[in-house]
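One file, input01.txt, is given below (compact mmCIF, C-alpha atoms).
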# COMPACT_ATOMS: atom_id res chain seq x y z
CA MET A 1438 18.94 -12.90 74.68
CA SER A 1439 20.82 -14.88 77.33
CA SER A 1440 19.65 -18.45 77.76
CA THR A 1441 20.63 -19.37 81.33
CA PRO A 1442 17.86 -19.17 83.94
CA GLU A 1443 19.98 -16.93 86.16
CA ALA A 1444 20.62 -14.42 83.39
CA ILE A 1445 16.98 -14.38 82.34
CA LEU A 1446 15.83 -13.85 85.93
CA THR A 1447 18.12 -10.82 86.16
CA GLN A 1448 16.65 -9.43 82.95
CA LEU A 1449 13.15 -10.12 84.24
CA GLN A 1450 13.85 -8.00 87.30
CA ALA A 1451 14.93 -5.12 85.10
CA ALA A 1452 11.94 -5.56 82.80
CA GLY A 1453 9.64 -5.71 85.83
CA SER A 1454 10.97 -2.37 87.06
CA ALA A 1455 10.48 -0.89 83.60
CA TYR A 1456 6.94 -2.27 83.51
CA ALA A 1457 6.17 -0.69 86.89
CA GLU A 1458 7.32 2.63 85.45
CA ASN A 1459 5.09 2.09 82.41
CA LYS A 1460 8.00 2.29 79.99
CA PRO A 1461 7.29 1.53 76.31
CA GLY A 1462 8.02 -2.06 75.37
CA ALA A 1463 8.37 -3.29 78.96
CA ARG A 1464 5.26 -5.47 78.88
CA GLU A 1465 6.32 -7.09 75.61
CA GLN A 1466 9.81 -7.67 77.00
CA LEU A 1467 8.33 -9.39 80.07
CA LEU A 1468 6.40 -11.73 77.78
CA ASN A 1469 9.48 -12.58 75.72
CA LEU A 1470 11.62 -13.18 78.80
CA SER A 1471 8.90 -15.32 80.39
CA HIS A 1472 8.85 -17.57 77.34
CA ALA A 1473 12.65 -17.70 77.40
CA LEU A 1474 12.64 -18.64 81.10
CA ILE A 1475 10.27 -21.53 80.48
CA SER A 1476 12.46 -22.81 77.65
CA SER A 1477 15.57 -22.56 79.83
CA VAL A 1478 14.19 -24.66 82.72
CA GLU A 1479 11.77 -26.98 80.93
CA LEU A 1480 12.82 -30.58 80.36
CA PRO A 1481 12.58 -31.90 76.78
CA SER A 1482 9.92 -34.35 77.97
CA GLU A 1483 7.95 -31.46 79.47
CA ALA A 1484 8.24 -29.44 76.27
CA ILE A 1485 6.77 -32.34 74.29
CA GLN A 1486 3.98 -32.74 76.84
CA ARG A 1487 3.19 -29.01 76.69
CA MET A 1488 3.25 -28.79 72.89
CA GLY A 1489 1.79 -32.21 72.23
CA TRP A 1490 -1.28 -32.23 74.42
CA ALA A 1491 -1.41 -29.56 77.15
CA GLU A 1492 -1.68 -26.61 74.76
CA PRO A 1493 -3.89 -28.39 72.17
CA ALA A 1494 -6.22 -29.43 75.01
CA ARG A 1495 -6.29 -25.83 76.28
CA ALA A 1496 -7.28 -24.54 72.85
CA ALA A 1497 -9.93 -27.23 72.41
CA HIS A 1498 -11.39 -26.68 75.87
CA CYS A 1499 -11.58 -22.92 75.34
CA ARG A 1500 -13.49 -23.57 72.13
CA ILE A 1501 -15.83 -25.95 73.99
CA ALA A 1502 -16.24 -23.43 76.79
CA VAL A 1503 -17.50 -20.91 74.24
CA ASP A 1504 -20.10 -23.36 72.95
CA LEU A 1505 -21.22 -24.20 76.50
CA ASN A 1506 -21.14 -20.55 77.62
CA LEU A 1507 -18.90 -21.55 80.53
CA PHE A 1508 -16.94 -18.30 80.65
CA GLN A 1509 -20.14 -16.26 80.94
CA LEU A 1510 -21.54 -18.54 83.66
CA LEU A 1511 -18.28 -18.30 85.62
CA SER A 1512 -18.34 -14.53 85.31
CA GLU A 1513 -21.88 -14.39 86.64
CA SER A 1514 -21.02 -16.64 89.62
CA GLY A 1515 -18.95 -13.91 91.27
CA GLU A 1516 -16.17 -14.42 93.81
CA SER A 1517 -17.86 -17.37 95.48
CA GLY A 1518 -17.46 -19.48 92.36
CA VAL A 1519 -19.52 -22.32 91.02
CA SER A 1520 -19.14 -26.10 91.00
CA ALA A 1521 -18.72 -28.28 87.96
CA LYS A 1522 -22.00 -29.97 88.93
CA GLU A 1523 -23.88 -26.67 88.83
CA LEU A 1524 -22.31 -25.75 85.52
CA ALA A 1525 -23.16 -29.16 84.08
CA THR A 1526 -26.78 -28.70 85.13
CA LYS A 1527 -26.93 -25.27 83.49
CA THR A 1528 -25.26 -26.35 80.24
CA GLY A 1529 -26.62 -29.87 79.85
CA ALA A 1530 -23.10 -31.29 79.61
CA ASN A 1531 -21.89 -34.33 81.49
CA GLU A 1532 -20.73 -33.46 85.02
CA VAL A 1533 -17.50 -35.48 84.89
CA LEU A 1534 -16.65 -34.06 81.47
CA THR A 1535 -17.31 -30.51 82.68
CA ALA A 1536 -15.10 -31.03 85.73
CA ARG A 1537 -12.22 -32.36 83.66
CA ILE A 1538 -12.45 -29.46 81.21
CA LEU A 1539 -12.44 -26.90 84.02
CA ARG A 1540 -9.62 -28.66 85.85
CA HIS A 1541 -7.35 -28.34 82.82
CA LEU A 1542 -8.40 -24.77 82.13
CA ALA A 1543 -7.52 -23.93 85.74
CA ALA A 1544 -4.15 -25.68 85.46
CA MET A 1545 -3.45 -23.62 82.33
CA ASN A 1546 -4.45 -20.35 84.11
CA ILE A 1547 -7.55 -19.67 82.01
CA VAL A 1548 -9.91 -20.00 85.01
CA ALA A 1549 -9.13 -20.48 88.72
CA GLU A 1550 -10.17 -22.76 91.57
CA SER A 1551 -11.88 -21.33 94.67
CA GLY A 1552 -12.24 -24.62 96.51
CA THR A 1553 -12.65 -28.33 95.96
CA ASP A 1554 -14.45 -28.68 92.63
CA LYS A 1555 -15.34 -24.97 92.65
CA TYR A 1556 -14.22 -22.55 89.96
CA VAL A 1557 -14.11 -18.78 89.54
CA ALA A 1558 -13.51 -16.46 86.65
CA THR A 1559 -10.19 -14.76 85.99
CA ARG A 1560 -9.30 -11.56 84.17
CA LEU A 1561 -8.64 -13.66 81.08
CA SER A 1562 -11.80 -15.77 81.19
CA ASN A 1563 -13.85 -12.61 81.76
CA ALA A 1564 -12.26 -11.13 78.65
CA PHE A 1565 -13.41 -14.22 76.74
CA THR A 1566 -17.02 -13.23 77.44
CA GLU A 1567 -16.57 -10.12 75.26
CA PRO A 1568 -17.80 -10.79 71.72
CA ARG A 1569 -14.52 -9.78 70.04
CA TYR A 1570 -12.43 -12.16 72.17
CA ARG A 1571 -15.04 -14.91 72.15
CA ASP A 1572 -15.13 -14.68 68.35
CA GLY A 1573 -11.34 -14.85 68.30
CA LEU A 1574 -11.46 -18.24 70.02
CA ILE A 1575 -14.00 -19.48 67.47
CA TYR A 1576 -12.14 -18.10 64.46
CA THR A 1577 -8.63 -19.24 65.39
CA PHE A 1578 -9.71 -22.78 66.29
CA ASP A 1579 -12.10 -23.36 63.40
CA VAL A 1580 -10.41 -21.53 60.50
CA PRO A 1581 -6.59 -21.41 60.73
CA GLY A 1582 -6.59 -24.26 63.27
CA PRO A 1583 -7.24 -27.06 60.75
CA SER A 1584 -4.64 -25.54 58.40
CA PHE A 1585 -1.95 -25.74 61.09
CA ARG A 1586 -2.94 -29.24 62.16
CA GLY A 1587 -2.80 -30.44 58.56
CA LEU A 1588 0.38 -28.57 57.62
CA PRO A 1589 2.93 -31.42 58.07
CA GLU A 1590 0.97 -33.81 55.86
CA TYR A 1591 0.27 -31.09 53.28
CA LEU A 1592 3.92 -30.07 52.95
CA LYS A 1593 4.95 -33.70 52.75
CA SER A 1594 2.45 -34.24 49.91
CA ILE A 1595 4.00 -31.43 47.83
CA LYS A 1596 7.57 -32.56 48.65
CA TYR A 1597 8.22 -29.46 50.78
CA ALA A 1598 7.92 -26.97 47.96
CA LEU A 1599 6.97 -23.40 48.89
CA PRO A 1600 3.26 -22.71 48.31
CA THR A 1601 2.71 -19.31 46.69
CA GLN A 1602 -0.79 -19.52 45.20
CA LEU A 1603 -3.83 -18.09 46.95
CA THR A 1604 -5.98 -20.93 45.65
CA ASP A 1605 -3.62 -23.84 46.31
CA GLY A 1606 -2.12 -23.92 49.78
CA PRO A 1607 -2.52 -25.30 53.31
CA PHE A 1608 -5.89 -23.61 53.77
CA GLN A 1609 -7.41 -25.20 50.67
CA ALA A 1610 -6.08 -28.64 51.64
CA ALA A 1611 -7.48 -28.40 55.16
CA HIS A 1612 -10.90 -27.00 54.22
CA LYS A 1613 -11.33 -29.01 51.00
CA THR A 1614 -11.90 -25.94 48.86
CA GLN A 1615 -10.43 -24.22 45.81
CA LEU A 1616 -11.50 -20.78 47.00
CA PRO A 1617 -8.98 -18.23 48.30
CA PHE A 1618 -9.26 -17.48 52.01
CA PHE A 1619 -11.33 -14.28 51.74
CA ALA A 1620 -13.62 -15.73 49.08
CA TRP A 1621 -14.18 -18.72 51.38
CA LEU A 1622 -15.08 -16.34 54.20
CA ASP A 1623 -17.63 -14.67 51.93
CA GLN A 1624 -19.18 -18.07 51.27
CA ASN A 1625 -19.28 -18.83 55.00
CA PRO A 1626 -20.93 -15.76 56.59
CA PRO A 1627 -20.74 -16.97 60.23
CA TYR A 1628 -16.96 -17.16 59.93
CA LEU A 1629 -16.82 -13.84 58.09
CA ASP A 1630 -18.65 -12.30 61.04
CA VAL A 1631 -16.33 -13.75 63.70
CA PHE A 1632 -13.27 -12.84 61.62
CA ASN A 1633 -14.34 -9.20 61.34
CA SER A 1634 -15.20 -9.10 65.04
CA TYR A 1635 -11.86 -10.61 66.04
CA MET A 1636 -9.91 -8.04 64.03
CA ALA A 1637 -10.71 -5.53 66.78
CA ALA A 1638 -9.48 -7.94 69.46
CA TYR A 1639 -6.24 -8.82 67.69
CA ARG A 1640 -4.96 -5.26 68.03
CA ALA A 1641 -6.58 -4.35 71.36
CA GLY A 1642 -4.15 -3.07 73.96
CA LYS A 1643 -1.16 -3.11 71.61
CA PRO A 1644 0.79 -0.03 70.53
CA SER A 1645 -1.00 1.80 67.73
CA TRP A 1646 0.34 4.28 65.22
CA VAL A 1647 -2.23 6.79 66.47
CA ASP A 1648 -0.76 6.71 70.00
CA PRO A 1649 1.36 9.65 71.22
CA GLY A 1650 5.02 9.06 70.48
CA PHE A 1651 4.43 6.69 67.58
CA TYR A 1652 3.48 8.63 64.44
CA PRO A 1653 3.23 12.44 64.54
CA VAL A 1654 -0.35 12.69 63.31
CA SER A 1655 -0.62 16.46 63.65
CA GLU A 1656 2.72 17.18 62.01
CA ARG A 1657 2.42 14.71 59.14
CA LEU A 1658 -1.32 14.74 58.40
CA VAL A 1659 -3.01 17.78 59.90
CA ASP A 1660 -0.34 20.39 59.14
CA GLY A 1661 -0.78 21.37 55.53
CA PHE A 1662 -4.19 19.71 55.23
CA GLY A 1663 -6.28 21.84 52.85
CA ASP A 1664 -6.88 25.18 54.50
CA ASN A 1665 -7.78 23.44 57.78
CA SER A 1666 -11.34 24.73 57.52
CA ASP A 1667 -12.93 22.80 54.68
CA HIS A 1668 -14.41 19.72 56.31
CA ASN A 1669 -15.51 18.40 52.94
CA GLU A 1670 -11.92 17.46 52.11
CA VAL A 1671 -10.76 13.93 52.84
CA LEU A 1672 -8.07 13.52 55.46
CA LEU A 1673 -7.61 9.73 55.27
CA VAL A 1674 -8.93 6.80 53.26
CA ASP A 1675 -8.73 3.44 55.05
CA VAL A 1676 -8.40 0.99 52.16
CA GLY A 1677 -9.55 -2.52 53.08
CA GLY A 1678 -10.27 -1.28 56.59
CA GLY A 1679 -12.77 -3.93 57.69
CA LEU A 1680 -15.37 -2.62 60.12
CA GLY A 1681 -13.52 0.65 60.70
CA HIS A 1682 -11.76 -0.19 63.97
CA ASP A 1683 -8.69 1.88 63.05
CA LEU A 1684 -10.71 4.92 62.01
CA ARG A 1685 -12.66 4.84 65.26
CA GLU A 1686 -9.43 4.67 67.24
CA LEU A 1687 -7.92 7.50 65.19
CA LYS A 1688 -10.92 9.74 65.84
CA GLU A 1689 -11.12 8.75 69.51
CA LYS A 1690 -7.48 9.64 70.17
CA HIS A 1691 -7.48 12.69 67.88
CA PRO A 1692 -11.04 14.07 68.19
CA SER A 1693 -10.27 17.42 66.61
CA LEU A 1694 -9.05 16.05 63.29
CA PRO A 1695 -10.24 18.09 60.30
CA GLY A 1696 -11.76 16.65 57.15
CA LYS A 1697 -13.47 13.40 56.30
CA LEU A 1698 -12.46 9.84 57.10
CA ILE A 1699 -13.40 7.25 54.47
CA LEU A 1700 -13.68 3.50 55.05
CA GLN A 1701 -13.45 1.15 52.06
CA ASP A 1702 -13.85 -2.61 51.91
CA ARG A 1703 -15.70 -5.34 50.06
CA PRO A 1704 -19.51 -5.06 49.85
CA GLU A 1705 -19.89 -8.14 52.10
CA VAL A 1706 -18.01 -6.29 54.84
CA ILE A 1707 -19.40 -2.79 54.32
CA SER A 1708 -22.96 -4.12 54.56
CA THR A 1709 -22.29 -4.99 58.23
CA VAL A 1710 -20.63 -1.69 59.21
CA SER A 1711 -22.24 0.57 61.78
CA GLY A 1712 -21.23 3.85 63.43
CA GLN A 1713 -20.88 5.90 60.29
CA ASP A 1714 -21.03 9.11 62.31
CA VAL A 1715 -17.23 8.74 62.54
CA PHE A 1716 -16.55 7.93 58.89
CA GLU A 1717 -18.16 7.33 55.52
CA ALA A 1718 -18.23 3.66 54.53
CA THR A 1719 -18.17 2.73 50.86
CA ALA A 1720 -17.72 -0.52 48.97
CA HIS A 1721 -14.56 -0.61 46.88
CA ASP A 1722 -12.40 -3.25 45.19
CA PHE A 1723 -8.78 -2.18 45.72
CA PHE A 1724 -7.79 -3.85 42.46
CA THR A 1725 -9.74 -1.10 40.68
CA PRO A 1726 -8.91 2.64 40.45
CA GLN A 1727 -9.18 4.56 43.72
CA PRO A 1728 -12.30 6.77 43.47
CA VAL A 1729 -11.37 9.23 46.24
CA LYS A 1730 -9.00 11.77 44.72
CA GLY A 1731 -6.51 14.02 46.47
CA ALA A 1732 -6.84 12.72 50.03
CA ARG A 1733 -4.15 13.65 52.50
CA ALA A 1734 -3.41 9.97 53.22
CA TYR A 1735 -4.27 6.53 51.87
CA TYR A 1736 -3.93 3.94 54.60
CA LEU A 1737 -3.62 0.15 54.40
CA HIS A 1738 -3.45 -1.94 57.57
CA SER A 1739 -2.57 -5.63 57.31
CA VAL A 1740 -3.77 -5.68 53.71
CA LEU A 1741 -0.63 -6.26 51.68
CA HIS A 1742 0.64 -9.19 53.75
CA ASP A 1743 -2.30 -11.17 52.37
CA TRP A 1744 -1.04 -10.79 48.81
CA GLY A 1745 2.01 -11.67 46.75
CA ASP A 1746 4.28 -9.01 45.29
CA ASP A 1747 2.59 -8.88 41.87
CA ASP A 1748 -0.85 -8.35 43.42
CA CYS A 1749 0.54 -5.79 45.87
CA VAL A 1750 1.96 -3.79 42.96
CA ARG A 1751 -1.47 -3.89 41.30
CA ILE A 1752 -3.13 -2.63 44.49
CA LEU A 1753 -0.62 0.18 44.96
CA GLU A 1754 -0.73 1.21 41.31
CA GLN A 1755 -4.51 1.70 41.57
CA LEU A 1756 -3.87 4.31 44.26
CA LYS A 1757 -1.30 6.41 42.41
CA PRO A 1758 -3.65 8.31 40.03
CA ALA A 1759 -5.61 9.51 43.07
CA PHE A 1760 -2.52 11.02 44.71
CA LYS A 1761 -1.92 14.75 44.77
CA PRO A 1762 1.87 14.94 44.26
CA GLY A 1763 3.73 16.52 47.14
CA TYR A 1764 0.62 16.35 49.33
CA SER A 1765 -0.84 12.84 49.51
CA ARG A 1766 0.89 10.22 51.59
CA LEU A 1767 0.77 6.43 51.58
CA LEU A 1768 0.60 4.86 55.05
CA ILE A 1769 1.20 1.11 55.35
CA ASN A 1770 0.65 -0.41 58.80
CA GLU A 1771 2.36 -3.80 58.71
CA ILE A 1772 4.86 -6.06 60.38
CA ILE A 1773 8.46 -5.54 59.32
CA VAL A 1774 10.45 -8.70 60.02
CA PRO A 1775 13.81 -7.79 61.57
CA ASN A 1776 16.94 -9.35 60.13
CA ARG A 1777 17.77 -10.91 63.48
CA ASN A 1778 15.84 -12.20 66.48
CA PRO A 1779 12.23 -11.55 65.46
CA THR A 1780 9.80 -12.09 68.32
CA TRP A 1781 7.17 -14.80 68.38
CA PRO A 1782 4.26 -12.41 67.53
CA VAL A 1783 6.14 -11.58 64.32
CA THR A 1784 7.06 -15.14 63.35
CA SER A 1785 3.64 -16.51 64.27
CA MET A 1786 1.90 -13.94 62.06
CA ASP A 1787 4.23 -14.96 59.25
CA GLN A 1788 3.03 -18.54 59.81
CA LEU A 1789 -0.61 -17.46 59.93
CA VAL A 1790 -0.56 -15.71 56.56
CA PHE A 1791 1.36 -18.72 55.24
CA VAL A 1792 -1.32 -21.27 56.17
CA LEU A 1793 -4.22 -19.00 55.17
CA GLY A 1794 -2.98 -17.55 51.92
CA ALA A 1795 0.43 -19.07 51.13
CA MET A 1796 1.87 -15.60 51.78
CA GLY A 1797 4.50 -14.21 54.17
CA GLU A 1798 5.53 -11.18 56.18
CA ARG A 1799 8.22 -8.90 54.69
CA THR A 1800 11.57 -7.48 55.78
CA GLN A 1801 12.44 -3.82 55.36
CA ALA A 1802 14.39 -4.66 52.22
CA ASP A 1803 11.33 -6.50 50.87
CA TRP A 1804 9.16 -3.44 51.50
CA GLU A 1805 11.65 -1.10 49.86
CA ARG A 1806 11.82 -3.26 46.73
CA LEU A 1807 8.06 -3.66 46.56
CA LEU A 1808 7.27 0.02 46.95
CA ASN A 1809 9.95 1.09 44.52
CA ARG A 1810 8.59 -1.35 41.97
CA ALA A 1811 5.11 0.18 42.41
CA GLY A 1812 6.45 3.71 41.97
CA TYR A 1813 6.78 4.87 45.58
CA LYS A 1814 9.63 5.85 47.85
CA ILE A 1815 9.69 5.42 51.60
CA THR A 1816 10.03 8.73 53.45
CA ARG A 1817 10.27 7.18 56.91
CA ILE A 1818 9.43 4.08 58.91
CA TYR A 1819 7.89 4.64 62.35
CA SER A 1820 8.11 1.91 65.00
CA TYR A 1821 7.36 1.44 68.67
CA GLU A 1822 9.68 -0.18 71.21
CA MET A 1823 9.11 -3.96 71.10
CA GLY A 1824 5.99 -3.48 68.98
CA SER A 1825 5.11 -5.94 66.24
CA GLU A 1826 3.79 -3.51 63.64
CA SER A 1827 5.38 -0.45 62.07
CA LEU A 1828 4.00 2.40 60.02
CA ILE A 1829 5.63 2.91 56.65
CA GLU A 1830 5.14 6.40 55.21
CA ALA A 1831 5.75 6.72 51.47
CA GLU A 1832 5.05 9.05 48.58
CA ILE A 1833 4.95 8.64 44.82
CA LEU A 1834 8.20 8.93 42.92
Could you render the structure from this file as structure tokens?
Amino acid sequence: MSSTPEAILTQLQAAGSAYAENKPGAREQLLNLSHALISSVELPSEAIQRMGWAEPARAAHCRIAVDLNLFQLLSESGESGVSAKELATKTGANEVLTARILRHLAAMNIVAESGTDKYVATRLSNAFTEPRYRDGLIYTFDVPGPSFRGLPEYLKSIKYALPTQLTDGPFQAAHKTQLPFFAWLDQNPPYLDVFNSYMAAYRAGKPSWVDPGFYPVSERLVDGFGDNSDHNEVLLVDVGGGLGHDLRELKEKHPSLPGKLILQDRPEVISTVSGQDVFEATAHDFFTPQPVKGARAYYLHSVLHDWGDDDCVRILEQLKPAFKPGYSRLLINEIIVPNRNPTWPVTSMDQLVFVLGAMGERTQADWERLLNRAGYKITRIYSYEMGSESLIEAEIL
């Protein structure tokens, strides 16, 4: 990507035209170019100011706004807006403090000003009133946030070795625990709830493998499925599928799918699942043998990036006895790190799994080695223009 402002502006014009025509990847390209433009014109002193206190203050104030219900109150105020004094009265917070929080949130384009000391909601702040996005603000600030803030001191303390253990990494140092990330969530139900809620928000609006033009669902899953009339057969098992967001999206976008959809996850998660008219939800430990035999597809979304290679092989080996050779498919929905120029959503997710579980995202070569070691071969990798995640289709050797 060119680094001069003039070159980036030219590319932005082209990306803007593509966006207006609703071309795949245009929105993501606009985001990337916008970041590049800022870097090309920003002074070093401004970059330090932005990274050092403007962005940390934005994150902190968004978290505070959730606690004070500011986004909801702004949304309810309508186009006329509301003053910091009125908001302070409604929330019980100090008026000067409220005004300073809102002023920075407006400067950072989270909310907007409608007049002197009057504020209105924006598209983004209105989104933050939705439970899934609200919970995302809580989760990211409270859970991975301390791990990132403590990362320099933690790495210094271990002499910059590479952490690889689920029970001894940046997360454990920050949260003063010896529990792995998911076990810690189980012991802290409020954070388990916001994590599960946010998983729907993390993927919202982004290209999905069930979208037209991504993965040929009819050709690869429906064609050849049983006799296409026996609805007791299982079409897809979502292994470690959380609250079933992916299965709901699959059924919504492909309402005429034959067969059953099965959701599997830990008992702590399954106990909170609703909407089982779309799928059957069952508790299952994916380190134990897969109980659903002969399904058309076994699907794992953002599961394996939480585990090291040895554990991934164990997970995948538990699936193999359930496969019907020549019929069952393995579908892995994960990030594939490109060899050159990965985008910030890819590298930031690599950093997230690093601070939470001392793990990392994988390249295509990494995936090929891992699957071959577990007894699978990749039949094809499906990707979307400028998308972060790909769908790896594999079958047993």
Find the residues of range 1452-1540 of chain A that sit at most 12 Å from range 1775-1781 of chain A; for each, write down the nearest two atoms and how far apart they are in Å, to one decimal. Count only C-alpha atoms. Sort by chain, then by number going up, and give it as CSV.
residue,atom,partner,partner_atom,distance
A:Glu1465,CA,A:Thr1780,CA,9.5
A:Gln1466,CA,A:Thr1780,CA,9.7
A:Leu1468,CA,A:Trp1781,CA,9.9
A:Asn1469,CA,A:Thr1780,CA,7.4
A:Leu1470,CA,A:Thr1780,CA,10.7
A:His1472,CA,A:Trp1781,CA,9.5
A:Ala1473,CA,A:Trp1781,CA,10.9
Pick out the closest residue to Pro1626 in chain A from this set: A:Thr1559, A:Ser1708, A:Thr1604, A:Thr1614. Count all atoms listed in the file.
A:Ser1708
CA of Trp1744 in chain A to CA of Phe1760 in chain A, straight-line distance in Å
22.2 Å
As an exercise, work out the distance from CA of Ala1484 in chain A to CA of Thr1784 in chain A in Å and give it to one decimal place.
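Here the two named atoms are 19.3 Å from each other.
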Please determine, counting all atoms listed in the file, which residue among A:Gly1642, A:Gly1812, A:Gly1661, A:Gly1681 has the shortest atom-to-atom distance to Asp1702 in chain A.
A:Gly1681
For Val1674 in chain A, list every protein, DNA or RNA residue within 8 Å, evaluated using only C-alpha atoms, and leave out those in the same chain fewer than 6 positions away; present the list as a list of chain:residue names.
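Listing them by chain and then by number gives A:Leu1698, A:Ile1699, A:Leu1700, A:Gln1701, A:Val1729, A:Ala1732, A:Ala1734, A:Tyr1735, A:Tyr1736.
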Would you output that residue set with C-alpha atoms, as a PDB file, in the frame of the given file?
ATOM      1  CA  LEU A1698     -12.460   9.840  57.100  1.00  0.00           C
ATOM      2  CA  ILE A1699     -13.400   7.250  54.470  1.00  0.00           C
ATOM      3  CA  LEU A1700     -13.680   3.500  55.050  1.00  0.00           C
ATOM      4  CA  GLN A1701     -13.450   1.150  52.060  1.00  0.00           C
ATOM      5  CA  VAL A1729     -11.370   9.230  46.240  1.00  0.00           C
ATOM      6  CA  ALA A1732      -6.840  12.720  50.030  1.00  0.00           C
ATOM      7  CA  ALA A1734      -3.410   9.970  53.220  1.00  0.00           C
ATOM      8  CA  TYR A1735      -4.270   6.530  51.870  1.00  0.00           C
ATOM      9  CA  TYR A1736      -3.930   3.940  54.600  1.00  0.00           C
TER      10      TYR A1736
END
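Distance check against Ala1463 in chain A using all atoms listed in the file: of A:Pro1442, A:Pro1644, A:Tyr1628, A:Pro1649, the minimum falls on A:Pro1644.
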Between A:Thr1441, A:Ser1551, A:Ser1514, A:Gln1450, which residue has the minimum interatomic distance to Glu1479 in chain A, considering all atoms listed in the file?
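Looking at the shortest contact to Glu1479 in chain A, the residue is A:Thr1441.
With distances restricted to all atoms listed in the file, A:Glu1513 is the closest residue to Asn1563 in chain A from A:Glu1550, A:Asp1605, A:Glu1590, A:Glu1513.
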Atomic separation - CA of Asp1787 in chain A relative to CA of Arg1495 in chain A, Å
22.8 Å
